[in-house]
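These notes are about the structure you will find just below.
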Amino acid sequence: MSCELPAPLQDLVTRLGRLPGMGPKSALRVAMTLLSWPEAQTRELGQSIATLRDKLHLCSRCGGLSAAPVCPICADPSRSRETLCLVTDWDSELTLERGGFYRGQYLILGGLLNPLDKSGQDRMDLDRLTSRLAEGEVQELILALGATLEAENTASFIQAFMQADFPAIRITRLAQGIPLGSEVKHMDAETLRQSLKYRQALQ
C-alpha cells in the first residue's frame, strides 16, 4: 500500500512541480525543507511570493522588471540615451548589466521570430521600440539578440523595420564571438564585453 502525502503537502508539491526544472522529487525536497524552517521564516517567504506582483512593475520605458514605474537604469541621467541595446528578455539585460561595460539604455523586445512558421511577432514589443526611437535621442540601435536562428530571423526583421521607419539610426549587432545557437543570457561577461566592444554595423 502506497503512502499518500497529506493533502496540504501534496498541494504544495504539485504547485512547486510546475516550476521550470522542478520535478516531483525535487518539489517534495523543497516542500520538506520549508517545513523544517522556523514558522516565521516560512510565512515571510509566503508573504514575499504573495506580494510579488503588487511590488513589481514593468518599466514604462524599457519593459524590464522594476520596483518603480521607471527602472533605475532608465532613470539614471549619467547613462547615454544615444545608444539603445535591444535584448530579448530581462535575463539578457541582467547578464549584460552585470558585466558593467555598457552605459547606454536597454529595451526588451519580448520575443523572437520563429524562422519556420513566422510566429512570434505578436510577442515583440514594437510599439515600445517605436516610441523610444521616435523621441529622437537614439543614434545607434544595438541588436543583442543572440546567435540562434530565431535571433538571426528577428535581426533581419528589425533591420527592415528600421530602414523603413528610422533610416537615420545606425544599427549594429554584437560581434560574432557568441557561438552559433547561444543566447545572450547564457554568455560569460568577457565574451559579452568583447562582443559589445567589437559590435558590427548592419547598415
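The chains in the C-alpha cells are called A, B, ... from first to last as shown; in each chain the residues are counted from 1, and the ligands are counted from 1 in the order shown.
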
For stretch 158-168 of chain A, find every residue with an atom within 10 Å (counting only C-alpha atoms), except residues of its own chain fewer than 6 positions away, and show them as a ChimeraX atom specification.
/A:126,130,133-134,136,138-141,143,152,202-203

What would the file look like if the residues just selected were written as a PDB file, in the first residue's frame with N, CA and C atoms?
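Output saved as result39.pdb:
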ATOM      1  N   LEU A 126       7.001  46.047 -30.412  1.00  0.00           N
ATOM      2  CA  LEU A 126       7.408  47.018 -31.421  1.00  0.00           C
ATOM      3  C   LEU A 126       6.858  48.410 -31.116  1.00  0.00           C
ATOM      4  N   THR A 130       9.153  51.635 -31.096  1.00  0.00           N
ATOM      5  CA  THR A 130       8.836  52.781 -31.952  1.00  0.00           C
ATOM      6  C   THR A 130       8.760  54.067 -31.142  1.00  0.00           C
ATOM      7  N   LEU A 133      12.314  55.243 -30.159  1.00  0.00           N
ATOM      8  CA  LEU A 133      13.067  55.775 -31.289  1.00  0.00           C
ATOM      9  C   LEU A 133      12.496  57.113 -31.765  1.00  0.00           C
ATOM     10  N   ALA A 134      11.184  57.259 -31.646  1.00  0.00           N
ATOM     11  CA  ALA A 134      10.527  58.493 -32.091  1.00  0.00           C
ATOM     12  C   ALA A 134      10.895  59.688 -31.223  1.00  0.00           C
ATOM     13  N   GLY A 136      13.753  60.686 -30.670  1.00  0.00           N
ATOM     14  CA  GLY A 136      14.819  61.370 -31.394  1.00  0.00           C
ATOM     15  C   GLY A 136      16.172  61.370 -30.733  1.00  0.00           C
ATOM     16  N   VAL A 138      17.951  58.436 -29.734  1.00  0.00           N
ATOM     17  CA  VAL A 138      18.749  57.258 -30.079  1.00  0.00           C
ATOM     18  C   VAL A 138      19.433  57.448 -31.428  1.00  0.00           C
ATOM     19  N   GLN A 139      20.744  57.265 -31.441  1.00  0.00           N
ATOM     20  CA  GLN A 139      21.523  57.344 -32.672  1.00  0.00           C
ATOM     21  C   GLN A 139      22.017  55.975 -33.128  1.00  0.00           C
ATOM     22  N   GLU A 140      22.060  55.021 -32.181  1.00  0.00           N
ATOM     23  CA  GLU A 140      22.512  53.664 -32.520  1.00  0.00           C
ATOM     24  C   GLU A 140      21.647  52.645 -31.809  1.00  0.00           C
ATOM     25  N   LEU A 141      21.149  51.673 -32.568  1.00  0.00           N
ATOM     26  CA  LEU A 141      20.399  50.559 -32.009  1.00  0.00           C
ATOM     27  C   LEU A 141      21.282  49.325 -32.065  1.00  0.00           C
ATOM     28  N   LEU A 143      21.692  45.432 -31.577  1.00  0.00           N
ATOM     29  CA  LEU A 143      20.923  44.193 -31.510  1.00  0.00           C
ATOM     30  C   LEU A 143      21.711  43.160 -30.713  1.00  0.00           C
ATOM     31  N   GLU A 152      18.621  35.483 -35.596  1.00  0.00           N
ATOM     32  CA  GLU A 152      19.016  35.954 -36.924  1.00  0.00           C
ATOM     33  C   GLU A 152      17.793  36.411 -37.715  1.00  0.00           C
ATOM     34  N   LEU A 202      25.092  46.915 -39.241  1.00  0.00           N
ATOM     35  CA  LEU A 202      24.185  46.241 -40.157  1.00  0.00           C
ATOM     36  C   LEU A 202      23.732  47.152 -41.287  1.00  0.00           C
ATOM     37  N   GLN A 203      23.945  48.446 -41.111  1.00  0.00           N
ATOM     38  CA  GLN A 203      23.633  49.383 -42.200  1.00  0.00           C
ATOM     39  C   GLN A 203      24.465  50.636 -42.020  1.00  0.00           C
TER      40      GLN A 203
END

Among listed residues A:Val184, A:Ala144, A:Ala31, A:Leu65, nearest A:Val87 (using only C-alpha atoms):
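Ranking A:Val184, A:Ala144, A:Ala31, A:Leu65 by distance to A:Val87, first place goes to A:Ala144.
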
Do you know which residues are at most 10 Å from stretch 104-112 of chain A counting only C-alpha atoms, after dropping those on the same chain fewer than 6 positions away, and could you put them as a PDB file with N, CA, C and O atoms, in the first residue's frame?
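Output contents, as saved in out-v6.pdb:
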ATOM      1  N   CYS A  59       8.925  48.348 -16.318  1.00  0.00           N
ATOM      2  CA  CYS A  59       9.393  49.714 -16.571  1.00  0.00           C
ATOM      3  C   CYS A  59       8.686  50.263 -17.810  1.00  0.00           C
ATOM      4  O   CYS A  59       8.621  49.602 -18.851  1.00  0.00           O
ATOM      5  N   ARG A  61       9.603  52.432 -19.797  1.00  0.00           N
ATOM      6  CA  ARG A  61      10.489  52.790 -20.901  1.00  0.00           C
ATOM      7  C   ARG A  61      11.153  51.573 -21.546  1.00  0.00           C
ATOM      8  O   ARG A  61      11.170  51.453 -22.756  1.00  0.00           O
ATOM      9  N   CYS A  62      11.676  50.662 -20.734  1.00  0.00           N
ATOM     10  CA  CYS A  62      12.416  49.538 -21.318  1.00  0.00           C
ATOM     11  C   CYS A  62      11.664  48.213 -21.259  1.00  0.00           C
ATOM     12  O   CYS A  62      12.016  47.265 -21.947  1.00  0.00           O
ATOM     13  N   GLY A  63      10.635  48.129 -20.415  1.00  0.00           N
ATOM     14  CA  GLY A  63       9.891  46.888 -20.290  1.00  0.00           C
ATOM     15  C   GLY A  63      10.485  45.893 -19.322  1.00  0.00           C
ATOM     16  O   GLY A  63      10.000  44.771 -19.205  1.00  0.00           O
ATOM     17  N   GLY A  64      11.538  46.296 -18.595  1.00  0.00           N
ATOM     18  CA  GLY A  64      12.165  45.410 -17.614  1.00  0.00           C
ATOM     19  C   GLY A  64      11.441  45.429 -16.283  1.00  0.00           C
ATOM     20  O   GLY A  64      10.607  46.302 -16.029  1.00  0.00           O
ATOM     21  N   ILE A  73      17.918  52.042 -14.268  1.00  0.00           N
ATOM     22  CA  ILE A  73      18.762  52.244 -15.451  1.00  0.00           C
ATOM     23  C   ILE A  73      18.188  53.343 -16.327  1.00  0.00           C
ATOM     24  O   ILE A  73      18.897  54.262 -16.754  1.00  0.00           O
ATOM     25  N   CYS A  74      16.890  53.267 -16.600  1.00  0.00           N
ATOM     26  CA  CYS A  74      16.260  54.283 -17.447  1.00  0.00           C
ATOM     27  C   CYS A  74      16.236  55.646 -16.765  1.00  0.00           C
ATOM     28  O   CYS A  74      16.261  56.689 -17.433  1.00  0.00           O
ATOM     29  N   ALA A  75      16.182  55.660 -15.442  1.00  0.00           N
ATOM     30  CA  ALA A  75      16.109  56.918 -14.703  1.00  0.00           C
ATOM     31  C   ALA A  75      17.476  57.545 -14.447  1.00  0.00           C
ATOM     32  O   ALA A  75      17.558  58.689 -13.997  1.00  0.00           O
ATOM     33  N   ASP A  76      18.543  56.816 -14.727  1.00  0.00           N
ATOM     34  CA  ASP A  76      19.897  57.286 -14.434  1.00  0.00           C
ATOM     35  C   ASP A  76      20.333  58.327 -15.473  1.00  0.00           C
ATOM     36  O   ASP A  76      20.536  58.002 -16.647  1.00  0.00           O
ATOM     37  N   SER A  78      23.120  59.690 -15.919  1.00  0.00           N
ATOM     38  CA  SER A  78      24.504  59.545 -16.364  1.00  0.00           C
ATOM     39  C   SER A  78      24.654  58.542 -17.514  1.00  0.00           C
ATOM     40  O   SER A  78      25.706  58.460 -18.134  1.00  0.00           O
ATOM     41  N   ARG A  79      23.601  57.801 -17.795  1.00  0.00           N
ATOM     42  CA  ARG A  79      23.677  56.801 -18.870  1.00  0.00           C
ATOM     43  C   ARG A  79      23.320  57.448 -20.206  1.00  0.00           C
ATOM     44  O   ARG A  79      22.400  58.262 -20.303  1.00  0.00           O
ATOM     45  N   SER A  80      24.054  57.054 -21.241  1.00  0.00           N
ATOM     46  CA  SER A  80      23.840  57.612 -22.574  1.00  0.00           C
ATOM     47  C   SER A  80      22.466  57.225 -23.114  1.00  0.00           C
ATOM     48  O   SER A  80      22.059  56.070 -23.034  1.00  0.00           O
ATOM     49  N   ARG A  81      21.776  58.189 -23.676  1.00  0.00           N
ATOM     50  CA  ARG A  81      20.495  57.933 -24.338  1.00  0.00           C
ATOM     51  C   ARG A  81      20.669  57.831 -25.847  1.00  0.00           C
ATOM     52  O   ARG A  81      19.690  57.697 -26.583  1.00  0.00           O
ATOM     53  N   GLU A  82      21.921  57.902 -26.304  1.00  0.00           N
ATOM     54  CA  GLU A  82      22.183  57.820 -27.740  1.00  0.00           C
ATOM     55  C   GLU A  82      22.291  56.382 -28.228  1.00  0.00           C
ATOM     56  O   GLU A  82      22.151  56.119 -29.418  1.00  0.00           O
ATOM     57  N   THR A  83      22.572  55.445 -27.303  1.00  0.00           N
ATOM     58  CA  THR A  83      22.643  54.029 -27.676  1.00  0.00           C
ATOM     59  C   THR A  83      21.538  53.265 -26.967  1.00  0.00           C
ATOM     60  O   THR A  83      21.326  53.418 -25.765  1.00  0.00           O
ATOM     61  N   LEU A  84      20.837  52.444 -27.721  1.00  0.00           N
ATOM     62  CA  LEU A  84      19.757  51.624 -27.190  1.00  0.00           C
ATOM     63  C   LEU A  84      20.054  50.175 -27.521  1.00  0.00           C
ATOM     64  O   LEU A  84      20.177  49.804 -28.693  1.00  0.00           O
ATOM     65  N   CYS A  85      20.205  49.354 -26.491  1.00  0.00           N
ATOM     66  CA  CYS A  85      20.542  47.943 -26.663  1.00  0.00           C
ATOM     67  C   CYS A  85      19.258  47.120 -26.624  1.00  0.00           C
ATOM     68  O   CYS A  85      18.555  47.096 -25.610  1.00  0.00           O
ATOM     69  N   LEU A  86      18.948  46.452 -27.719  1.00  0.00           N
ATOM     70  CA  LEU A  86      17.728  45.663 -27.831  1.00  0.00           C
ATOM     71  C   LEU A  86      18.020  44.218 -27.428  1.00  0.00           C
ATOM     72  O   LEU A  86      18.845  43.548 -28.047  1.00  0.00           O
ATOM     73  N   VAL A  87      17.366  43.756 -26.363  1.00  0.00           N
ATOM     74  CA  VAL A  87      17.552  42.392 -25.872  1.00  0.00           C
ATOM     75  C   VAL A  87      16.214  41.651 -25.905  1.00  0.00           C
ATOM     76  O   VAL A  87      15.151  42.267 -25.946  1.00  0.00           O
ATOM     77  N   THR A  88      16.288  40.335 -25.881  1.00  0.00           N
ATOM     78  CA  THR A  88      15.068  39.538 -25.972  1.00  0.00           C
ATOM     79  C   THR A  88      14.268  39.566 -24.688  1.00  0.00           C
ATOM     80  O   THR A  88      13.042  39.683 -24.693  1.00  0.00           O
ATOM     81  N   ASP A  89      14.959  39.448 -23.552  1.00  0.00           N
ATOM     82  CA  ASP A  89      14.262  39.311 -22.277  1.00  0.00           C
ATOM     83  C   ASP A  89      15.065  39.983 -21.166  1.00  0.00           C
ATOM     84  O   ASP A  89      16.182  40.442 -21.373  1.00  0.00           O
ATOM     85  N   TRP A  90      14.461  40.023 -19.996  1.00  0.00           N
ATOM     86  CA  TRP A  90      15.088  40.691 -18.861  1.00  0.00           C
ATOM     87  C   TRP A  90      16.342  39.952 -18.402  1.00  0.00           C
ATOM     88  O   TRP A  90      17.297  40.575 -17.926  1.00  0.00           O
ATOM     89  N   ASP A  91      16.367  38.619 -18.545  1.00  0.00           N
ATOM     90  CA  ASP A  91      17.559  37.849 -18.178  1.00  0.00           C
ATOM     91  C   ASP A  91      18.779  38.336 -18.964  1.00  0.00           C
ATOM     92  O   ASP A  91      19.884  38.444 -18.433  1.00  0.00           O
ATOM     93  N   SER A  92      18.571  38.604 -20.251  1.00  0.00           N
ATOM     94  CA  SER A  92      19.673  39.066 -21.094  1.00  0.00           C
ATOM     95  C   SER A  92      20.148  40.453 -20.666  1.00  0.00           C
ATOM     96  O   SER A  92      21.352  40.729 -20.647  1.00  0.00           O
ATOM     97  N   GLU A  93      19.207  41.320 -20.315  1.00  0.00           N
ATOM     98  CA  GLU A  93      19.585  42.644 -19.815  1.00  0.00           C
ATOM     99  C   GLU A  93      20.413  42.519 -18.537  1.00  0.00           C
ATOM    100  O   GLU A  93      21.434  43.192 -18.377  1.00  0.00           O
ATOM    101  N   LEU A  96      24.026  41.375 -19.339  1.00  0.00           N
ATOM    102  CA  LEU A  96      24.834  42.465 -19.880  1.00  0.00           C
ATOM    103  C   LEU A  96      25.163  43.504 -18.815  1.00  0.00           C
ATOM    104  O   LEU A  96      26.292  43.980 -18.713  1.00  0.00           O
ATOM    105  N   GLU A  97      24.185  43.824 -17.998  1.00  0.00           N
ATOM    106  CA  GLU A  97      24.360  44.867 -16.996  1.00  0.00           C
ATOM    107  C   GLU A  97      25.361  44.457 -15.923  1.00  0.00           C
ATOM    108  O   GLU A  97      26.135  45.283 -15.420  1.00  0.00           O
ATOM    109  N   LYS A 118       7.108  31.600 -38.893  1.00  0.00           N
ATOM    110  CA  LYS A 118       6.994  33.064 -38.871  1.00  0.00           C
ATOM    111  C   LYS A 118       6.195  33.589 -37.672  1.00  0.00           C
ATOM    112  O   LYS A 118       5.704  34.709 -37.684  1.00  0.00           O
ATOM    113  N   SER A 119       6.078  32.790 -36.627  1.00  0.00           N
ATOM    114  CA  SER A 119       5.339  33.233 -35.450  1.00  0.00           C
ATOM    115  C   SER A 119       6.261  34.001 -34.508  1.00  0.00           C
ATOM    116  O   SER A 119       7.478  33.933 -34.617  1.00  0.00           O
ATOM    117  N   GLY A 120       5.667  34.728 -33.592  1.00  0.00           N
ATOM    118  CA  GLY A 120       6.429  35.434 -32.572  1.00  0.00           C
ATOM    119  C   GLY A 120       6.323  36.938 -32.665  1.00  0.00           C
ATOM    120  O   GLY A 120       6.659  37.645 -31.710  1.00  0.00           O
ATOM    121  N   GLN A 121       5.848  37.457 -33.790  1.00  0.00           N
ATOM    122  CA  GLN A 121       5.771  38.912 -33.927  1.00  0.00           C
ATOM    123  C   GLN A 121       4.809  39.518 -32.925  1.00  0.00           C
ATOM    124  O   GLN A 121       5.004  40.648 -32.473  1.00  0.00           O
ATOM    125  N   ASP A 122       3.784  38.755 -32.533  1.00  0.00           N
ATOM    126  CA  ASP A 122       2.811  39.263 -31.567  1.00  0.00           C
ATOM    127  C   ASP A 122       3.414  39.439 -30.183  1.00  0.00           C
ATOM    128  O   ASP A 122       2.893  40.186 -29.354  1.00  0.00           O
ATOM    129  N   ARG A 123       4.555  38.770 -29.906  1.00  0.00           N
ATOM    130  CA  ARG A 123       5.214  38.908 -28.610  1.00  0.00           C
ATOM    131  C   ARG A 123       6.241  40.038 -28.599  1.00  0.00           C
ATOM    132  O   ARG A 123       6.752  40.404 -27.553  1.00  0.00           O
ATOM    133  N   MET A 124       6.572  40.547 -29.767  1.00  0.00           N
ATOM    134  CA  MET A 124       7.582  41.594 -29.874  1.00  0.00           C
ATOM    135  C   MET A 124       6.969  42.958 -29.577  1.00  0.00           C
ATOM    136  O   MET A 124       5.940  43.323 -30.137  1.00  0.00           O
ATOM    137  N   ASP A 125       7.599  43.697 -28.674  1.00  0.00           N
ATOM    138  CA  ASP A 125       7.067  44.984 -28.246  1.00  0.00           C
ATOM    139  C   ASP A 125       7.533  46.088 -29.200  1.00  0.00           C
ATOM    140  O   ASP A 125       8.327  46.956 -28.829  1.00  0.00           O
ATOM    141  N   LEU A 126       7.001  46.047 -30.412  1.00  0.00           N
ATOM    142  CA  LEU A 126       7.408  47.018 -31.421  1.00  0.00           C
ATOM    143  C   LEU A 126       6.858  48.410 -31.116  1.00  0.00           C
ATOM    144  O   LEU A 126       7.467  49.413 -31.492  1.00  0.00           O
ATOM    145  N   ASP A 127       5.722  48.479 -30.425  1.00  0.00           N
ATOM    146  CA  ASP A 127       5.162  49.788 -30.071  1.00  0.00           C
ATOM    147  C   ASP A 127       6.090  50.535 -29.119  1.00  0.00           C
ATOM    148  O   ASP A 127       6.335  51.736 -29.276  1.00  0.00           O
ATOM    149  N   ARG A 128       6.631  49.822 -28.130  1.00  0.00           N
ATOM    150  CA  ARG A 128       7.557  50.462 -27.184  1.00  0.00           C
ATOM    151  C   ARG A 128       8.832  50.892 -27.899  1.00  0.00           C
ATOM    152  O   ARG A 128       9.367  51.976 -27.660  1.00  0.00           O
ATOM    153  N   LEU A 129       9.320  50.026 -28.797  1.00  0.00           N
ATOM    154  CA  LEU A 129      10.525  50.360 -29.556  1.00  0.00           C
ATOM    155  C   LEU A 129      10.284  51.594 -30.422  1.00  0.00           C
ATOM    156  O   LEU A 129      11.118  52.511 -30.455  1.00  0.00           O
ATOM    157  N   ARG A 132      10.266  54.778 -28.286  1.00  0.00           N
ATOM    158  CA  ARG A 132      11.608  55.197 -27.837  1.00  0.00           C
ATOM    159  C   ARG A 132      12.382  55.841 -28.987  1.00  0.00           C
ATOM    160  O   ARG A 132      13.039  56.879 -28.817  1.00  0.00           O
ATOM    161  N   VAL A 138      17.951  58.436 -29.734  1.00  0.00           N
ATOM    162  CA  VAL A 138      18.749  57.258 -30.079  1.00  0.00           C
ATOM    163  C   VAL A 138      19.433  57.448 -31.428  1.00  0.00           C
ATOM    164  O   VAL A 138      18.786  57.759 -32.426  1.00  0.00           O
ATOM    165  N   LEU A 141      21.149  51.673 -32.568  1.00  0.00           N
ATOM    166  CA  LEU A 141      20.399  50.559 -32.009  1.00  0.00           C
ATOM    167  C   LEU A 141      21.282  49.325 -32.065  1.00  0.00           C
ATOM    168  O   LEU A 141      21.695  48.890 -33.137  1.00  0.00           O
ATOM    169  N   ILE A 142      21.595  48.780 -30.885  1.00  0.00           N
ATOM    170  CA  ILE A 142      22.451  47.599 -30.790  1.00  0.00           C
ATOM    171  C   ILE A 142      21.568  46.360 -30.651  1.00  0.00           C
ATOM    172  O   ILE A 142      20.772  46.252 -29.714  1.00  0.00           O
ATOM    173  N   ALA A 144      21.238  42.876 -29.505  1.00  0.00           N
ATOM    174  CA  ALA A 144      21.869  41.877 -28.634  1.00  0.00           C
ATOM    175  C   ALA A 144      20.868  40.741 -28.435  1.00  0.00           C
ATOM    176  O   ALA A 144      20.344  40.538 -27.345  1.00  0.00           O
ATOM    177  N   LEU A 145      20.610  40.029 -29.506  1.00  0.00           N
ATOM    178  CA  LEU A 145      19.542  39.032 -29.517  1.00  0.00           C
ATOM    179  C   LEU A 145      20.062  37.601 -29.480  1.00  0.00           C
ATOM    180  O   LEU A 145      19.273  36.661 -29.437  1.00  0.00           O
ATOM    181  N   THR A 148      21.043  32.520 -32.338  1.00  0.00           N
ATOM    182  CA  THR A 148      20.177  31.413 -32.747  1.00  0.00           C
ATOM    183  C   THR A 148      19.536  31.744 -34.093  1.00  0.00           C
ATOM    184  O   THR A 148      19.586  32.888 -34.564  1.00  0.00           O
ATOM    185  N   LEU A 149      18.895  30.762 -34.699  1.00  0.00           N
ATOM    186  CA  LEU A 149      18.193  31.010 -35.952  1.00  0.00           C
ATOM    187  C   LEU A 149      17.065  32.016 -35.745  1.00  0.00           C
ATOM    188  O   LEU A 149      16.817  32.882 -36.594  1.00  0.00           O
ATOM    189  N   GLU A 150      16.386  31.908 -34.596  1.00  0.00           N
ATOM    190  CA  GLU A 150      15.319  32.853 -34.282  1.00  0.00           C
ATOM    191  C   GLU A 150      15.871  34.268 -34.162  1.00  0.00           C
ATOM    192  O   GLU A 150      15.246  35.233 -34.617  1.00  0.00           O
ATOM    193  N   ALA A 151      17.041  34.407 -33.530  1.00  0.00           N
ATOM    194  CA  ALA A 151      17.659  35.724 -33.368  1.00  0.00           C
ATOM    195  C   ALA A 151      18.053  36.313 -34.714  1.00  0.00           C
ATOM    196  O   ALA A 151      17.872  37.511 -34.962  1.00  0.00           O
ATOM    197  N   GLU A 152      18.621  35.483 -35.596  1.00  0.00           N
ATOM    198  CA  GLU A 152      19.016  35.954 -36.924  1.00  0.00           C
ATOM    199  C   GLU A 152      17.793  36.411 -37.715  1.00  0.00           C
ATOM    200  O   GLU A 152      17.823  37.429 -38.406  1.00  0.00           O
ATOM    201  N   ASN A 153      16.725  35.642 -37.631  1.00  0.00           N
ATOM    202  CA  ASN A 153      15.491  35.989 -38.341  1.00  0.00           C
ATOM    203  C   ASN A 153      14.920  37.301 -37.805  1.00  0.00           C
ATOM    204  O   ASN A 153      14.457  38.157 -38.565  1.00  0.00           O
ATOM    205  N   THR A 154      14.962  37.442 -36.486  1.00  0.00           N
ATOM    206  CA  THR A 154      14.458  38.662 -35.864  1.00  0.00           C
ATOM    207  C   THR A 154      15.317  39.867 -36.230  1.00  0.00           C
ATOM    208  O   THR A 154      14.795  40.961 -36.471  1.00  0.00           O
ATOM    209  N   ALA A 155      16.627  39.676 -36.266  1.00  0.00           N
ATOM    210  CA  ALA A 155      17.533  40.771 -36.632  1.00  0.00           C
ATOM    211  C   ALA A 155      17.227  41.274 -38.041  1.00  0.00           C
ATOM    212  O   ALA A 155      17.226  42.486 -38.297  1.00  0.00           O
ATOM    213  N   PHE A 157      14.347  41.098 -39.529  1.00  0.00           N
ATOM    214  CA  PHE A 157      13.061  41.789 -39.442  1.00  0.00           C
ATOM    215  C   PHE A 157      13.237  43.199 -38.879  1.00  0.00           C
ATOM    216  O   PHE A 157      12.679  44.167 -39.414  1.00  0.00           O
TER     217      PHE A 157
END

Work out how far atom CA of A:Ala68 is from atom CA of A:Leu56, in Å to one decimal.
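Atom-to-atom, atom CA of A:Leu56 and atom CA of A:Ala68 are spaced 7.2 Å apart.
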
Report the residues of stretch 95-142 of chain A whose backbone DSSP state falls under helix (DSSP H, G or I), written as number ranges by chain.
A: 95-99, 121-123, 126-134

Output of the above residues as a short mmCIF file (atom, residue, chain, number, x, y, z; two decimals), in the first residue's frame, restricted to all heavy atoms:
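Produced file result_32.cif, reproduced below:
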data_model
loop_
_atom_site.label_atom_id
_atom_site.label_comp_id
_atom_site.auth_asym_id
_atom_site.auth_seq_id
_atom_site.Cartn_x
_atom_site.Cartn_y
_atom_site.Cartn_z
N THR A 95 22.27 40.04 -17.57
CA THR A 95 23.59 39.49 -17.87
C THR A 95 24.52 40.57 -18.41
O THR A 95 25.68 40.69 -17.99
CB THR A 95 23.47 38.35 -18.89
OG1 THR A 95 22.59 37.35 -18.38
CG2 THR A 95 24.82 37.71 -19.16
N LEU A 96 24.03 41.38 -19.34
CA LEU A 96 24.83 42.46 -19.88
C LEU A 96 25.16 43.50 -18.81
O LEU A 96 26.29 43.98 -18.71
CB LEU A 96 24.09 43.14 -21.03
CG LEU A 96 24.15 42.44 -22.39
CD1 LEU A 96 23.07 42.98 -23.30
CD2 LEU A 96 25.52 42.62 -23.01
N GLU A 97 24.18 43.82 -18.00
CA GLU A 97 24.36 44.87 -17.00
C GLU A 97 25.36 44.46 -15.92
O GLU A 97 26.13 45.28 -15.42
CB GLU A 97 23.00 45.22 -16.37
CG GLU A 97 23.01 46.46 -15.51
CD GLU A 97 23.43 47.73 -16.25
OE1 GLU A 97 23.37 47.75 -17.49
OE2 GLU A 97 23.82 48.69 -15.57
N ARG A 98 25.36 43.20 -15.56
CA ARG A 98 26.30 42.72 -14.54
C ARG A 98 27.74 42.81 -15.00
O ARG A 98 28.65 42.86 -14.19
CB ARG A 98 25.95 41.28 -14.15
CG ARG A 98 24.72 41.18 -13.25
CD ARG A 98 24.26 39.75 -13.08
NE ARG A 98 23.10 39.66 -12.19
CZ ARG A 98 22.29 38.62 -12.12
NH1 ARG A 98 22.49 37.57 -12.91
NH2 ARG A 98 21.26 38.63 -11.30
N GLY A 99 27.94 42.83 -16.31
CA GLY A 99 29.31 42.98 -16.82
C GLY A 99 29.89 44.35 -16.53
O GLY A 99 31.10 44.51 -16.41
N GLN A 121 5.85 37.46 -33.79
CA GLN A 121 5.77 38.91 -33.93
C GLN A 121 4.81 39.52 -32.93
O GLN A 121 5.00 40.65 -32.47
CB GLN A 121 5.35 39.29 -35.35
CG GLN A 121 5.41 40.79 -35.61
CD GLN A 121 5.17 41.14 -37.07
OE1 GLN A 121 5.33 40.29 -37.95
NE2 GLN A 121 4.80 42.36 -37.34
N ASP A 122 3.78 38.76 -32.53
CA ASP A 122 2.81 39.26 -31.57
C ASP A 122 3.41 39.44 -30.18
O ASP A 122 2.89 40.19 -29.35
CB ASP A 122 1.60 38.33 -31.49
CG ASP A 122 1.97 36.90 -31.14
OD1 ASP A 122 3.10 36.48 -31.47
OD2 ASP A 122 1.15 36.21 -30.52
N ARG A 123 4.55 38.77 -29.91
CA ARG A 123 5.21 38.91 -28.61
C ARG A 123 6.24 40.04 -28.60
O ARG A 123 6.75 40.40 -27.55
CB ARG A 123 5.90 37.60 -28.22
CG ARG A 123 4.96 36.42 -28.07
CD ARG A 123 5.67 35.23 -27.42
NE ARG A 123 6.83 34.80 -28.18
CZ ARG A 123 6.79 33.90 -29.17
NH1 ARG A 123 5.64 33.37 -29.53
NH2 ARG A 123 7.89 33.55 -29.80
N LEU A 126 7.00 46.05 -30.41
CA LEU A 126 7.41 47.02 -31.42
C LEU A 126 6.86 48.41 -31.12
O LEU A 126 7.47 49.41 -31.49
CB LEU A 126 6.95 46.56 -32.80
CG LEU A 126 7.61 45.29 -33.33
CD1 LEU A 126 7.00 44.89 -34.67
CD2 LEU A 126 9.12 45.46 -33.45
N ASP A 127 5.72 48.48 -30.42
CA ASP A 127 5.16 49.79 -30.07
C ASP A 127 6.09 50.53 -29.12
O ASP A 127 6.34 51.74 -29.28
CB ASP A 127 3.79 49.62 -29.42
CG ASP A 127 2.72 49.18 -30.41
OD1 ASP A 127 2.94 49.35 -31.62
OD2 ASP A 127 1.68 48.67 -29.97
N ARG A 128 6.63 49.82 -28.13
CA ARG A 128 7.56 50.46 -27.18
C ARG A 128 8.83 50.89 -27.90
O ARG A 128 9.37 51.98 -27.66
CB ARG A 128 7.88 49.51 -26.03
CG ARG A 128 8.58 50.21 -24.85
CD ARG A 128 9.06 49.20 -23.81
NE ARG A 128 7.99 48.36 -23.32
CZ ARG A 128 7.21 48.66 -22.29
NH1 ARG A 128 7.38 49.81 -21.65
NH2 ARG A 128 6.28 47.83 -21.88
N LEU A 129 9.32 50.03 -28.80
CA LEU A 129 10.53 50.36 -29.56
C LEU A 129 10.28 51.59 -30.42
O LEU A 129 11.12 52.51 -30.45
CB LEU A 129 10.93 49.17 -30.43
CG LEU A 129 12.13 49.40 -31.37
CD1 LEU A 129 13.38 49.77 -30.59
CD2 LEU A 129 12.37 48.16 -32.22
N THR A 130 9.15 51.64 -31.10
CA THR A 130 8.84 52.78 -31.95
C THR A 130 8.76 54.07 -31.14
O THR A 130 9.28 55.12 -31.56
CB THR A 130 7.50 52.55 -32.68
OG1 THR A 130 7.59 51.36 -33.49
CG2 THR A 130 7.14 53.72 -33.57
N SER A 131 8.14 54.00 -29.96
CA SER A 131 8.02 55.18 -29.11
C SER A 131 9.38 55.70 -28.67
O SER A 131 9.63 56.91 -28.68
CB SER A 131 7.16 54.86 -27.88
OG SER A 131 5.84 54.53 -28.25
N ARG A 132 10.27 54.78 -28.29
CA ARG A 132 11.61 55.20 -27.84
C ARG A 132 12.38 55.84 -28.99
O ARG A 132 13.04 56.88 -28.82
CB ARG A 132 12.37 53.99 -27.30
CG ARG A 132 11.91 53.49 -25.96
CD ARG A 132 12.18 54.47 -24.83
NE ARG A 132 13.59 54.72 -24.63
CZ ARG A 132 14.39 53.96 -23.87
NH1 ARG A 132 13.89 52.91 -23.24
NH2 ARG A 132 15.65 54.26 -23.71
N LEU A 133 12.31 55.24 -30.16
CA LEU A 133 13.07 55.78 -31.29
C LEU A 133 12.50 57.11 -31.77
O LEU A 133 13.24 57.99 -32.21
CB LEU A 133 13.07 54.77 -32.44
CG LEU A 133 13.73 53.42 -32.13
CD1 LEU A 133 13.61 52.49 -33.33
CD2 LEU A 133 15.19 53.60 -31.74
N ALA A 134 11.18 57.26 -31.65
CA ALA A 134 10.53 58.49 -32.09
C ALA A 134 10.90 59.69 -31.22
O ALA A 134 10.70 60.84 -31.64
CB ALA A 134 9.01 58.30 -32.10
#
